[in-house]
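Remarks on the structure that follows.
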Amino acid sequence: MDVLPDEDEAAIQATAEDFLAAECTPALVRAAERDAARWSPALFARIAELGWLRLCLPEEDGGDGLPLTHLAVLFDVLGRHLAPVPMHGTMVGAITLARCGTPAQRAILPAVGRGEARIALAIQEADGSWSADALALRGRREGDGIILDGAKSFVDGFRESTHAIAAFLLDGAPALALLESDAPGLSATDLVTTAKDSSASLVFDGVRVPASRIIAGAAPLRLLMDLAAAFLAAQMAGAARRATERAADYAKDRVAFGQPIGAFQAIQHMAADMLIGAEGAQLLAREAIWRLGEGLPATVEAAQAKAFANEKCLAACRSAQQIHGGIGFIEVHDQQLWYRRVAAWAHRCGTAREHRRTVAAALLDQQGPVRLDVPLVAE
Amino acid sequence: MEFAFDAREDSLRREVQAFIAEELTAAIREDIDAGELGVQFGPIATAFFDKVRARGWTGVSWPVEYGGQGRTAMDQFIIEEEFGRAGLRIGGAGTGAPAILASGTEEQKRAFVPGCIRGDIIFAQGYSEPGCGTDLAGIQCRATRVGDTYVIRGQKTFMTSAHVATHIFLMVRTDPASRRHAGLSILLVPIDAAGITIRPLWTIQNDPVAPRGTTYGENRTNEVFFDDVVVPASCLLGEEGDGWNVAQRGLSIDRVGARRYLMSVLRDEDIVNWLKKDEAPNRALRADPVVRDKVAELWIEGQVCRLLTMRSMTIARRGGDFVHEASAEKVFAPEHGVRATEAIGQILGPHAQLLSSSPEAVEEGVFAHNLLGAFQSTINHGSVQVMRDQIARKGLGLPRPGKRGETV
Ligand SMILES: Cc1cc2nc3c(=O)[nH]c(=O)nc-3n(C[C@H](O)[C@H](O)[C@H](O)COP(=O)(O)OP(=O)(O)OC[C@H]3O[C@@H](n4cnc5c(N)ncnc54)[C@H](O)[C@@H]3O)c2cc1C
């Protein structure tokens with residue numbers, strides 16, 4: 001049992017922190033928001049050069065084959081600096097393909113490692129449910145392929161993607177389709193979120209996917225959704241931690257009633273709770289990611305992490321706004337970048353209510369007594 | 001990162017579980033429950049604890065030369081956790097032994113540590129006074145050096161195990177001219193020294209008494225008076241005037257560990273396992289979406305408590321370089337215990353007010369007795385207010401407040 005980064009993980013974390021602290025400034029984040037593309041291709045290219053995209057891909061797919069915990073620390077740092085790059089969907093998609101894909105599907109992975117292929121996840125639909133039971137997008141067989149008709153929503157990073165992985169129903173059961181983002185019949189409408197990053201609704205109008213691009217079965221979708229929730233929770237924990245540190249720095253300088261506001265116990269205690277919230281989310285996310293890396297069931301752990309992060313990381317960023325007073329509400333001040341992004345992330349890849357429903361089912365609908373240190377397995 | 005115990009630790013846990021399942025009979029339990037504070041019992045329980053000791057499950061992480069097993073802190077955690085889950089307190093956390101190991105002379109280590117492990121030396125903790133608890137810099141109980149002795153005069157309060165202890169781990173002021181933490185010292189005082197008077201302070205758990213497993217179920221603590229008590233100067237632990245640091249070294253070891261962790265989280269398991277009972281009211285409650293959401297929320301917080309504890313264990317194993325982490329655990333876990341206790345009451349409804357002696361009490365009234373005790377865990381051993389100060393100042397570098405009326 002050792003829940004802190006080991007030497008390798010800590011080294012990657014330190015390198016990533018140095019790099020993003022220098023390169024991914026608030027100015028760059030703002031520029032990406034203003035740009036029509038809503039992301040930073042230049043930063044993503046640098047990240048690809050540094051090899052972050054390869055790190056946890058299998059060696060036979062051109063990766064370095066390191067444990068998934070290395071991505072846990074990277075998402076933490078990406079979150080700290082609000083990096084406007086499509087790492088989340090790309091890594092979730094790539095690891096799902098590496099684990100569940102056929103050799104033909106895995107052929108895209110070397111290009112992922114080089115930053116040339118970027119993946120968006122099309123899971124949720126118009127009702128916004130984060131659940132495999134809510135799929136309505138349908139595939140019908142035609143020749144040696146599948147024709148998709150329906151719609152998706154909340155597809156983050158679709159604009160910057162080269163590929164999308166869409167969850168759909170095939171003969172009444174869940175399946176995944178790997179398709180090109182410019183596939184004929186696929187059209188996108190931009191959504192405008194509090195994060196002001198890219199998110200879209202998609203319409204599938206007779207989109208053809210060859211059979212070789214289909215991954216059938218509920219398990220791959222389950223893995224993809226667990227990875228998505230856990231990685232996003234890790235990223236939120238990093239963002240909340242940095243928002244807390246920034247607020248503490250502000251509180252050391254800002255003076256009221258003759259003292260730095262950070263000397264007031266009301267501010268100190270709020271800051272302590274912010275830190276605990278971010279650290280709790282970080283530990284939960286890391287445990288889920290470690291289990292995913294070990295090939296262990298992790299649906300409950302991912303749900304725990306995202307449910308906790310949604311509430312506690314948003315609270316930390318909101319308290320950071322409180323500590324900044326009025327200036328936190330003003331666009332030119334950078335602190336709001338953390339608040340707006342975490343406010344969006346708290347609504348992606350499942351709400352607290354949905355994730356707690358998963359945890360409750362694993363706790364209450366199975367036989368036998370529970371113990372906190374004995375992992376629950378979702379049905 | 002490695003979020004799992006290793007194979008050896010897993011097998012140790014199974015061995016302890018099997019031992020408890022086999023050896024801890026109802027008769028032994030009765031004998032233990034009839035004793036006081038899990039330290040005084042009859043011959044049946046004594047024989048049981050001899051077997052526990054024979055397995056090497058006490059003083060697990062303490063050095064072999066003083067009667068310990070010289071094993072890892074994680075082994076100790078696992079053993080204490082399994083016994084704790086069975087409602088038994090073993091091991092030695094919370095005794096004076098860690099502080100004696102850290103600051104004692106060779107003679108003191110030999111005189112006290114093996115006895116703490118065998119269970120025939122029991123320390124009561126004598127810190128709090130009527131005038132101070134959280135801020136021990138206010139200690140007034142005096143010890144005056146007279147030749148080869150100290151003469152102690154003053155009063156302590158909330159000295160929980162004084163009525164069953166053999167010794168007091170006593171914090172006194174040895175330098176009358178000193179202020180705050182300077183001038184404090186630790187004395188290891190025999191409880192039967194002439195001039196010590198012990199008077200009970202009955203808690204709100206006394207009538208009726210709390211069932212096993214209650215958080216802060218103690219029915220009694222004590223006031224202790226020192227009326228020119230003379231002890232040999234060799235009772236001094238560490239340097240004279242360095243008592244604050246001597247005590248800190250003992251406390252920080254006491255703060256991480258299985259006992260405090262279990263105290264905060266056991267009721268998360270209790271409510272889930274209770275809801276899973278195959279009876280009509282339990283079935284109806286566990287089908288209620290509101291109950292399900294709340295129970296899941298508590299469970300997730302319980303997982304955070306577990307992970308914060310494991311983080312402290314990790315830091316301790318890596319050399320003990322704590323910044324704010326033990327304080328974070330000490331805020332989140334007890335407050336979670338309180339949130340869980342109160343939420344469970346609202347799930348159970350009116351039954352949650354029924355104490356152990358009441359007809360229709362649920363699970364011997366443990367939920368009601370937790371309502372009476374859980375909040376105490378946010379006050380003792382460093383209150384959550386002071387712990388938050390530590391997190392903010394050490395973890396985030398926020399400044400100390402200015403003196404009253406003083407501006408910066
Ligand atoms: C059942 C029980 C067993 C105990 N056992 C022992 C024992 O064996 N040995 C022993 O020595 N003591 C023991 N105690 C005493 C216990 O350690 C104290 O009660 C505790 O330290 C709090 O001290 P106090 O009661 O004097 O409260 P105070 O110190 O007066 O605190 C009152 C309130 O003020 C708050 N406060 C204090 N300082 C600050 C600050 N800087 N900022 C914000 N808020 C602050 C506290 O958090 C608390 O909420 C026991 C108590 C109980 C109830």
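Chain labels A, B, ... are given in the sequence in which chains occur in the structure tokens; within each chain residues are numbered consecutively from 1, and ligands are likewise numbered from 1 in the order shown.
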* To do: Can you tell me which residues come within 8 Å of ligand 1 when counting only C-alpha atoms and all ligand atoms, ideally as a VMD selection string?
  => (chain A and resid 265) or (chain B and resid 124 to 135 156 to 162 203 216 218 to 221 376 379 to 386 389)
* Give the residues of chain B that lie within 7 Å of chain A; count only C-alpha atoms, and format the answer as number ranges by chain. => B: 1-5, 269, 272-273, 276, 286, 292-293, 295-297, 300, 303-304, 307, 310-311, 314, 328, 388-389, 391-392, 396, 398-401, 407-408
Could you write out, as a compact mmCIF listing (two decimals) with all heavy atoms, in the first residue's frame, all the residues of stretch 144-341 of chain A that DSSP marks as strand (DSSP E)?
```txt
# COMPACT_ATOMS: atom_id res chain seq x y z
N GLY A 145 -21.20 -3.64 -43.16
CA GLY A 145 -21.05 -2.50 -42.27
C GLY A 145 -22.30 -2.23 -41.47
O GLY A 145 -23.24 -3.02 -41.43
N ILE A 146 -22.26 -1.08 -40.80
CA ILE A 146 -23.36 -0.65 -39.94
C ILE A 146 -23.74 0.76 -40.39
O ILE A 146 -22.86 1.58 -40.68
CB ILE A 146 -22.89 -0.58 -38.47
CG1 ILE A 146 -22.38 -1.95 -38.00
CG2 ILE A 146 -23.97 -0.02 -37.56
CD1 ILE A 146 -23.42 -2.93 -37.58
N ILE A 147 -25.03 1.04 -40.39
CA ILE A 147 -25.49 2.40 -40.68
C ILE A 147 -26.04 2.99 -39.38
O ILE A 147 -26.89 2.38 -38.72
CB ILE A 147 -26.62 2.39 -41.74
CG1 ILE A 147 -26.20 1.62 -42.99
CG2 ILE A 147 -27.05 3.82 -42.07
CD1 ILE A 147 -25.12 2.27 -43.81
N LEU A 148 -25.50 4.16 -39.00
CA LEU A 148 -25.93 4.81 -37.75
C LEU A 148 -26.90 5.94 -38.06
O LEU A 148 -26.61 6.81 -38.89
CB LEU A 148 -24.72 5.39 -37.01
CG LEU A 148 -23.72 4.38 -36.44
CD1 LEU A 148 -22.50 5.12 -35.89
CD2 LEU A 148 -24.38 3.53 -35.35
N ASP A 149 -28.02 5.93 -37.32
CA ASP A 149 -28.99 7.01 -37.42
C ASP A 149 -29.39 7.45 -36.02
O ASP A 149 -29.75 6.63 -35.19
CB ASP A 149 -30.25 6.52 -38.16
CG ASP A 149 -30.06 6.53 -39.67
OD1 ASP A 149 -29.82 7.63 -40.22
OD2 ASP A 149 -30.12 5.44 -40.27
N GLY A 150 -29.32 8.76 -35.78
CA GLY A 150 -29.71 9.28 -34.47
C GLY A 150 -28.89 10.51 -34.14
O GLY A 150 -28.42 11.22 -35.04
N ALA A 151 -28.71 10.74 -32.83
CA ALA A 151 -28.03 11.97 -32.42
C ALA A 151 -27.20 11.72 -31.17
O ALA A 151 -27.45 10.78 -30.42
CB ALA A 151 -29.06 13.06 -32.16
N LYS A 152 -26.21 12.58 -30.97
CA LYS A 152 -25.41 12.57 -29.75
C LYS A 152 -25.31 14.01 -29.26
O LYS A 152 -25.46 14.96 -30.05
CB LYS A 152 -24.00 12.04 -30.02
CG LYS A 152 -23.95 10.53 -30.24
CD LYS A 152 -24.07 9.80 -28.92
CE LYS A 152 -24.32 8.31 -29.12
NZ LYS A 152 -24.60 7.63 -27.85
N SER A 153 -25.05 14.17 -28.00
CA SER A 153 -24.84 15.52 -27.49
C SER A 153 -23.68 15.52 -26.50
O SER A 153 -23.22 14.45 -26.09
CB SER A 153 -26.12 16.06 -26.86
OG SER A 153 -26.11 17.47 -26.96
N PHE A 154 -23.23 16.68 -26.12
CA PHE A 154 -22.14 16.83 -25.15
C PHE A 154 -20.90 16.06 -25.59
O PHE A 154 -20.27 15.35 -24.81
CB PHE A 154 -22.61 16.39 -23.75
CG PHE A 154 -23.92 17.01 -23.39
CD1 PHE A 154 -25.10 16.27 -23.38
CD2 PHE A 154 -23.98 18.37 -23.12
CE1 PHE A 154 -26.31 16.87 -23.09
CE2 PHE A 154 -25.20 18.97 -22.82
CZ PHE A 154 -26.36 18.21 -22.82
N VAL A 155 -20.59 16.19 -26.88
CA VAL A 155 -19.40 15.55 -27.42
C VAL A 155 -18.26 16.58 -27.30
O VAL A 155 -18.13 17.48 -28.13
CB VAL A 155 -19.62 15.11 -28.87
CG1 VAL A 155 -18.37 14.39 -29.39
CG2 VAL A 155 -20.84 14.19 -28.96
N ASP A 156 -17.46 16.42 -26.23
CA ASP A 156 -16.42 17.41 -25.95
C ASP A 156 -15.24 17.20 -26.89
O ASP A 156 -14.88 16.07 -27.20
CB ASP A 156 -15.98 17.29 -24.49
CG ASP A 156 -17.16 17.45 -23.55
OD1 ASP A 156 -18.02 18.30 -23.84
OD2 ASP A 156 -17.24 16.70 -22.56
N HIS A 163 -11.09 11.67 -35.01
CA HIS A 163 -11.95 10.49 -34.88
C HIS A 163 -12.93 10.69 -33.74
O HIS A 163 -12.68 11.48 -32.84
CB HIS A 163 -11.10 9.24 -34.58
CG HIS A 163 -10.19 8.84 -35.71
ND1 HIS A 163 -9.04 9.54 -36.01
CD2 HIS A 163 -10.27 7.83 -36.61
CE1 HIS A 163 -8.44 8.98 -37.05
NE2 HIS A 163 -9.17 7.94 -37.44
N ALA A 164 -14.01 9.92 -33.82
CA ALA A 164 -14.94 9.89 -32.69
C ALA A 164 -15.22 8.43 -32.37
O ALA A 164 -15.19 7.57 -33.25
CB ALA A 164 -16.24 10.62 -33.03
N ILE A 165 -15.46 8.17 -31.09
CA ILE A 165 -15.96 6.85 -30.69
C ILE A 165 -17.38 7.06 -30.22
O ILE A 165 -17.61 7.82 -29.26
CB ILE A 165 -15.11 6.21 -29.59
CG1 ILE A 165 -13.70 5.92 -30.12
CG2 ILE A 165 -15.75 4.93 -29.09
CD1 ILE A 165 -12.78 5.25 -29.11
N ALA A 166 -18.33 6.45 -30.92
CA ALA A 166 -19.73 6.64 -30.59
C ALA A 166 -20.30 5.36 -29.99
O ALA A 166 -20.06 4.27 -30.49
CB ALA A 166 -20.52 7.03 -31.84
N ALA A 167 -21.05 5.53 -28.88
CA ALA A 167 -21.75 4.39 -28.29
C ALA A 167 -23.11 4.29 -28.95
O ALA A 167 -23.80 5.30 -29.14
CB ALA A 167 -21.89 4.60 -26.78
N PHE A 168 -23.51 3.08 -29.32
CA PHE A 168 -24.81 2.92 -29.98
C PHE A 168 -25.37 1.54 -29.67
O PHE A 168 -24.72 0.71 -29.02
CB PHE A 168 -24.68 3.13 -31.49
CG PHE A 168 -23.91 2.05 -32.20
CD1 PHE A 168 -24.57 1.09 -32.96
CD2 PHE A 168 -22.53 1.97 -32.10
CE1 PHE A 168 -23.88 0.08 -33.62
CE2 PHE A 168 -21.82 0.97 -32.75
CZ PHE A 168 -22.49 0.02 -33.51
N LEU A 169 -26.60 1.32 -30.09
CA LEU A 169 -27.26 0.03 -29.85
C LEU A 169 -27.20 -0.80 -31.12
O LEU A 169 -27.60 -0.34 -32.20
CB LEU A 169 -28.71 0.24 -29.46
CG LEU A 169 -28.95 0.76 -28.05
CD1 LEU A 169 -30.44 1.03 -27.84
CD2 LEU A 169 -28.43 -0.21 -27.00
N LEU A 170 -26.70 -2.00 -30.98
CA LEU A 170 -26.64 -2.92 -32.11
C LEU A 170 -27.40 -4.18 -31.67
O LEU A 170 -27.00 -4.83 -30.70
CB LEU A 170 -25.18 -3.27 -32.43
CG LEU A 170 -24.95 -4.19 -33.62
CD1 LEU A 170 -25.49 -3.59 -34.92
CD2 LEU A 170 -23.46 -4.49 -33.77
N ALA A 173 -28.08 -4.30 -28.00
CA ALA A 173 -26.99 -4.32 -27.01
C ALA A 173 -26.02 -3.17 -27.31
O ALA A 173 -25.88 -2.76 -28.46
CB ALA A 173 -26.26 -5.65 -27.06
N PRO A 174 -25.30 -2.68 -26.27
CA PRO A 174 -24.38 -1.59 -26.50
C PRO A 174 -23.20 -2.01 -27.38
O PRO A 174 -22.75 -3.16 -27.34
CB PRO A 174 -23.86 -1.22 -25.11
CG PRO A 174 -24.75 -1.90 -24.15
CD PRO A 174 -25.36 -3.07 -24.86
N ALA A 175 -22.72 -1.06 -28.16
CA ALA A 175 -21.52 -1.29 -28.98
C ALA A 175 -20.84 0.06 -29.18
O ALA A 175 -21.44 1.11 -28.93
CB ALA A 175 -21.91 -1.90 -30.32
N LEU A 176 -19.59 0.01 -29.60
CA LEU A 176 -18.84 1.23 -29.91
C LEU A 176 -18.47 1.24 -31.38
O LEU A 176 -18.15 0.19 -31.95
CB LEU A 176 -17.55 1.30 -29.08
CG LEU A 176 -17.71 1.34 -27.56
CD1 LEU A 176 -16.35 1.25 -26.89
CD2 LEU A 176 -18.42 2.63 -27.13
N ALA A 177 -18.54 2.43 -31.98
CA ALA A 177 -18.11 2.57 -33.37
C ALA A 177 -16.98 3.60 -33.42
O ALA A 177 -17.08 4.67 -32.81
CB ALA A 177 -19.27 3.06 -34.24
N LEU A 178 -15.90 3.25 -34.09
CA LEU A 178 -14.81 4.19 -34.30
C LEU A 178 -14.98 4.79 -35.68
O LEU A 178 -14.98 4.07 -36.69
CB LEU A 178 -13.47 3.46 -34.21
CG LEU A 178 -12.21 4.25 -34.58
CD1 LEU A 178 -11.99 5.41 -33.60
CD2 LEU A 178 -10.98 3.34 -34.60
N LEU A 179 -15.21 6.09 -35.75
CA LEU A 179 -15.45 6.69 -37.06
C LEU A 179 -14.62 7.95 -37.25
O LEU A 179 -14.12 8.53 -36.28
CB LEU A 179 -16.93 7.00 -37.25
CG LEU A 179 -17.68 7.61 -36.09
CD1 LEU A 179 -18.20 8.96 -36.45
CD2 LEU A 179 -18.82 6.69 -35.73
N GLU A 180 -14.46 8.34 -38.50
CA GLU A 180 -13.76 9.58 -38.78
C GLU A 180 -14.69 10.75 -38.48
O GLU A 180 -15.89 10.68 -38.72
CB GLU A 180 -13.35 9.64 -40.25
CG GLU A 180 -11.91 9.23 -40.48
CD GLU A 180 -11.77 7.80 -41.00
OE1 GLU A 180 -12.48 7.46 -41.96
OE2 GLU A 180 -10.98 7.03 -40.41
N LEU A 186 -22.40 12.86 -41.04
CA LEU A 186 -22.22 13.31 -39.66
C LEU A 186 -22.14 14.83 -39.64
O LEU A 186 -21.32 15.42 -40.35
CB LEU A 186 -20.91 12.71 -39.12
CG LEU A 186 -20.60 12.90 -37.64
CD1 LEU A 186 -21.70 12.31 -36.76
CD2 LEU A 186 -19.26 12.24 -37.32
N SER A 187 -23.03 15.49 -38.87
CA SER A 187 -22.95 16.94 -38.79
C SER A 187 -22.94 17.38 -37.34
O SER A 187 -23.47 16.70 -36.46
CB SER A 187 -24.13 17.57 -39.53
OG SER A 187 -25.33 17.10 -38.96
N ALA A 188 -22.28 18.51 -37.08
CA ALA A 188 -22.08 18.97 -35.70
C ALA A 188 -22.60 20.38 -35.51
O ALA A 188 -22.52 21.22 -36.41
CB ALA A 188 -20.58 18.93 -35.37
N THR A 189 -23.14 20.64 -34.32
CA THR A 189 -23.53 22.00 -33.92
C THR A 189 -22.80 22.32 -32.63
O THR A 189 -22.83 21.53 -31.68
CB THR A 189 -25.04 22.07 -33.64
OG1 THR A 189 -25.73 21.52 -34.76
CG2 THR A 189 -25.49 23.49 -33.37
N ASP A 190 -22.12 23.47 -32.60
CA ASP A 190 -21.37 23.83 -31.39
C ASP A 190 -22.29 24.17 -30.23
O ASP A 190 -23.29 24.86 -30.40
CB ASP A 190 -20.48 25.05 -31.66
CG ASP A 190 -19.27 24.65 -32.49
OD1 ASP A 190 -18.90 23.46 -32.46
OD2 ASP A 190 -18.71 25.53 -33.18
N LEU A 191 -21.92 23.71 -29.04
CA LEU A 191 -22.58 24.13 -27.81
C LEU A 191 -21.70 25.20 -27.17
O LEU A 191 -20.50 25.24 -27.41
CB LEU A 191 -22.73 22.94 -26.86
CG LEU A 191 -23.49 21.72 -27.43
CD1 LEU A 191 -23.42 20.54 -26.46
CD2 LEU A 191 -24.95 22.10 -27.71
N SER A 199 -17.49 21.87 -27.41
CA SER A 199 -18.42 20.78 -27.13
C SER A 199 -19.49 20.86 -28.22
O SER A 199 -19.77 21.95 -28.71
CB SER A 199 -19.04 20.93 -25.74
OG SER A 199 -19.80 19.79 -25.42
N ALA A 200 -20.03 19.72 -28.60
CA ALA A 200 -20.93 19.76 -29.77
C ALA A 200 -22.06 18.75 -29.63
O ALA A 200 -21.97 17.76 -28.90
CB ALA A 200 -20.14 19.47 -31.04
N SER A 201 -23.13 19.02 -30.39
CA SER A 201 -24.18 18.03 -30.64
C SER A 201 -23.94 17.46 -32.03
O SER A 201 -23.56 18.20 -32.94
CB SER A 201 -25.56 18.67 -30.61
OG SER A 201 -25.87 19.08 -29.31
N LEU A 202 -24.17 16.17 -32.18
CA LEU A 202 -23.96 15.53 -33.47
C LEU A 202 -25.26 14.94 -33.99
O LEU A 202 -26.07 14.43 -33.20
CB LEU A 202 -22.93 14.40 -33.36
CG LEU A 202 -21.57 14.70 -32.75
CD1 LEU A 202 -20.68 13.45 -32.79
CD2 LEU A 202 -20.89 15.85 -33.47
N VAL A 203 -25.44 15.00 -35.30
CA VAL A 203 -26.54 14.28 -35.93
C VAL A 203 -25.94 13.21 -36.85
O VAL A 203 -25.02 13.50 -37.62
CB VAL A 203 -27.47 15.23 -36.73
CG1 VAL A 203 -28.51 14.42 -37.51
CG2 VAL A 203 -28.16 16.20 -35.78
N PHE A 204 -26.40 11.99 -36.69
CA PHE A 204 -25.95 10.87 -37.53
C PHE A 204 -27.07 10.61 -38.53
O PHE A 204 -28.14 10.14 -38.16
CB PHE A 204 -25.74 9.60 -36.69
CG PHE A 204 -24.56 9.68 -35.75
CD1 PHE A 204 -24.63 10.45 -34.61
CD2 PHE A 204 -23.40 8.95 -36.00
CE1 PHE A 204 -23.55 10.53 -33.73
CE2 PHE A 204 -22.33 9.01 -35.13
CZ PHE A 204 -22.40 9.80 -33.99
N ASP A 205 -26.79 10.91 -39.80
CA ASP A 205 -27.81 10.72 -40.82
C ASP A 205 -27.30 9.67 -41.80
O ASP A 205 -26.66 9.99 -42.80
CB ASP A 205 -28.06 12.08 -41.51
CG ASP A 205 -29.19 12.00 -42.52
OD1 ASP A 205 -29.89 10.95 -42.56
OD2 ASP A 205 -29.36 12.97 -43.28
N GLY A 206 -27.54 8.42 -41.45
CA GLY A 206 -27.08 7.32 -42.31
C GLY A 206 -25.56 7.25 -42.39
O GLY A 206 -24.99 7.02 -43.45
N VAL A 207 -24.88 7.40 -41.23
CA VAL A 207 -23.41 7.33 -41.22
C VAL A 207 -22.97 5.87 -41.31
O VAL A 207 -23.38 5.04 -40.51
CB VAL A 207 -22.84 7.98 -39.94
CG1 VAL A 207 -21.32 7.80 -39.88
CG2 VAL A 207 -23.22 9.45 -39.86
N ARG A 208 -22.13 5.59 -42.31
CA ARG A 208 -21.71 4.21 -42.55
C ARG A 208 -20.40 3.90 -41.82
O ARG A 208 -19.43 4.66 -41.92
CB ARG A 208 -21.49 4.02 -44.05
CG ARG A 208 -21.75 2.63 -44.54
CD ARG A 208 -21.30 2.42 -45.97
NE ARG A 208 -20.34 1.32 -46.00
CZ ARG A 208 -20.68 0.05 -45.81
NH1 ARG A 208 -21.94 -0.28 -45.61
NH2 ARG A 208 -19.76 -0.91 -45.81
N VAL A 209 -20.38 2.81 -41.07
CA VAL A 209 -19.15 2.40 -40.37
C VAL A 209 -18.86 0.96 -40.77
O VAL A 209 -19.73 0.10 -40.64
CB VAL A 209 -19.33 2.47 -38.83
CG1 VAL A 209 -18.00 2.24 -38.14
CG2 VAL A 209 -19.94 3.80 -38.41
N PRO A 210 -17.65 0.67 -41.29
CA PRO A 210 -17.34 -0.71 -41.64
C PRO A 210 -17.37 -1.61 -40.41
O PRO A 210 -17.06 -1.15 -39.30
CB PRO A 210 -15.92 -0.64 -42.22
CG PRO A 210 -15.48 0.76 -42.14
CD PRO A 210 -16.56 1.60 -41.54
N ILE A 214 -16.23 -1.72 -35.54
CA ILE A 214 -17.23 -1.87 -34.47
C ILE A 214 -16.64 -2.72 -33.34
O ILE A 214 -16.00 -3.73 -33.57
CB ILE A 214 -18.49 -2.57 -35.00
CG1 ILE A 214 -19.09 -1.83 -36.19
CG2 ILE A 214 -19.54 -2.77 -33.89
CD1 ILE A 214 -19.61 -0.45 -35.87
N ILE A 215 -16.87 -2.28 -32.09
CA ILE A 215 -16.51 -3.09 -30.92
C ILE A 215 -17.82 -3.39 -30.19
O ILE A 215 -18.43 -2.49 -29.62
CB ILE A 215 -15.57 -2.34 -29.97
CG1 ILE A 215 -14.34 -1.83 -30.73
CG2 ILE A 215 -15.15 -3.23 -28.81
CD1 ILE A 215 -13.40 -0.98 -29.88
N ALA A 216 -18.23 -4.64 -30.25
CA ALA A 216 -19.54 -4.99 -29.68
C ALA A 216 -19.39 -5.34 -28.20
O ALA A 216 -18.32 -5.69 -27.73
CB ALA A 216 -20.13 -6.17 -30.44
N VAL A 255 -5.16 42.98 1.83
CA VAL A 255 -5.30 43.44 3.20
C VAL A 255 -6.70 43.99 3.45
O VAL A 255 -7.25 44.71 2.61
CB VAL A 255 -4.23 44.51 3.53
CG1 VAL A 255 -4.49 45.15 4.90
CG2 VAL A 255 -2.84 43.90 3.49
N ALA A 256 -7.30 43.63 4.57
CA ALA A 256 -8.56 44.23 5.02
C ALA A 256 -8.53 44.30 6.54
O ALA A 256 -7.97 43.40 7.18
CB ALA A 256 -9.75 43.39 4.56
N GLN A 259 -5.15 43.59 8.26
CA GLN A 259 -4.43 42.31 8.20
C GLN A 259 -4.56 41.73 6.81
O GLN A 259 -5.53 42.00 6.12
CB GLN A 259 -5.08 41.31 9.18
CG GLN A 259 -4.94 41.68 10.61
CD GLN A 259 -5.09 40.47 11.53
OE1 GLN A 259 -4.81 39.35 11.13
NE2 GLN A 259 -5.52 40.72 12.74
N PRO A 260 -3.60 40.88 6.43
CA PRO A 260 -3.86 40.12 5.20
C PRO A 260 -5.11 39.27 5.45
O PRO A 260 -5.24 38.69 6.54
CB PRO A 260 -2.63 39.23 5.04
CG PRO A 260 -1.71 39.53 6.17
CD PRO A 260 -2.34 40.54 7.08
```
Give one line per residue of stretch 168-272 of chain B that approaches stretch 110-117 of chain B to at most 12 Å, naming the two atoms of the closest pair and their distance in Å to one decimal, counting only C-alpha atoms; sort by chain then ascending residue number and deliver it as CSV.
```
residue,atom,partner,partner_atom,distance
B:Phe169,CA,B:Phe112,CA,11.6
B:Leu188,CA,B:Phe112,CA,9.7
B:Val189,CA,B:Phe112,CA,11.7
B:Pro190,CA,B:Phe112,CA,11.5
B:Ser234,CA,B:Ala111,CA,11.6
B:Cys235,CA,B:Ala111,CA,11.1
B:Leu237,CA,B:Phe112,CA,11.6
```
* Counting only C-alpha atoms, the residue of A:Ala343, A:Ala14, A:Ala42, A:Leu57 that sits nearest A:Lys312 ->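 Comparing A:Ala343, A:Ala14, A:Ala42, A:Leu57 against A:Lys312, the winner is A:Ala343.
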* To do: Between atom CA of A:Ala122 and atom CA of A:Leu97, measure the distance and give it in Å to one decimal.
  =>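 About the pair atom CA of A:Ala122 and atom CA of A:Leu97: they are 14.6 Å apart.
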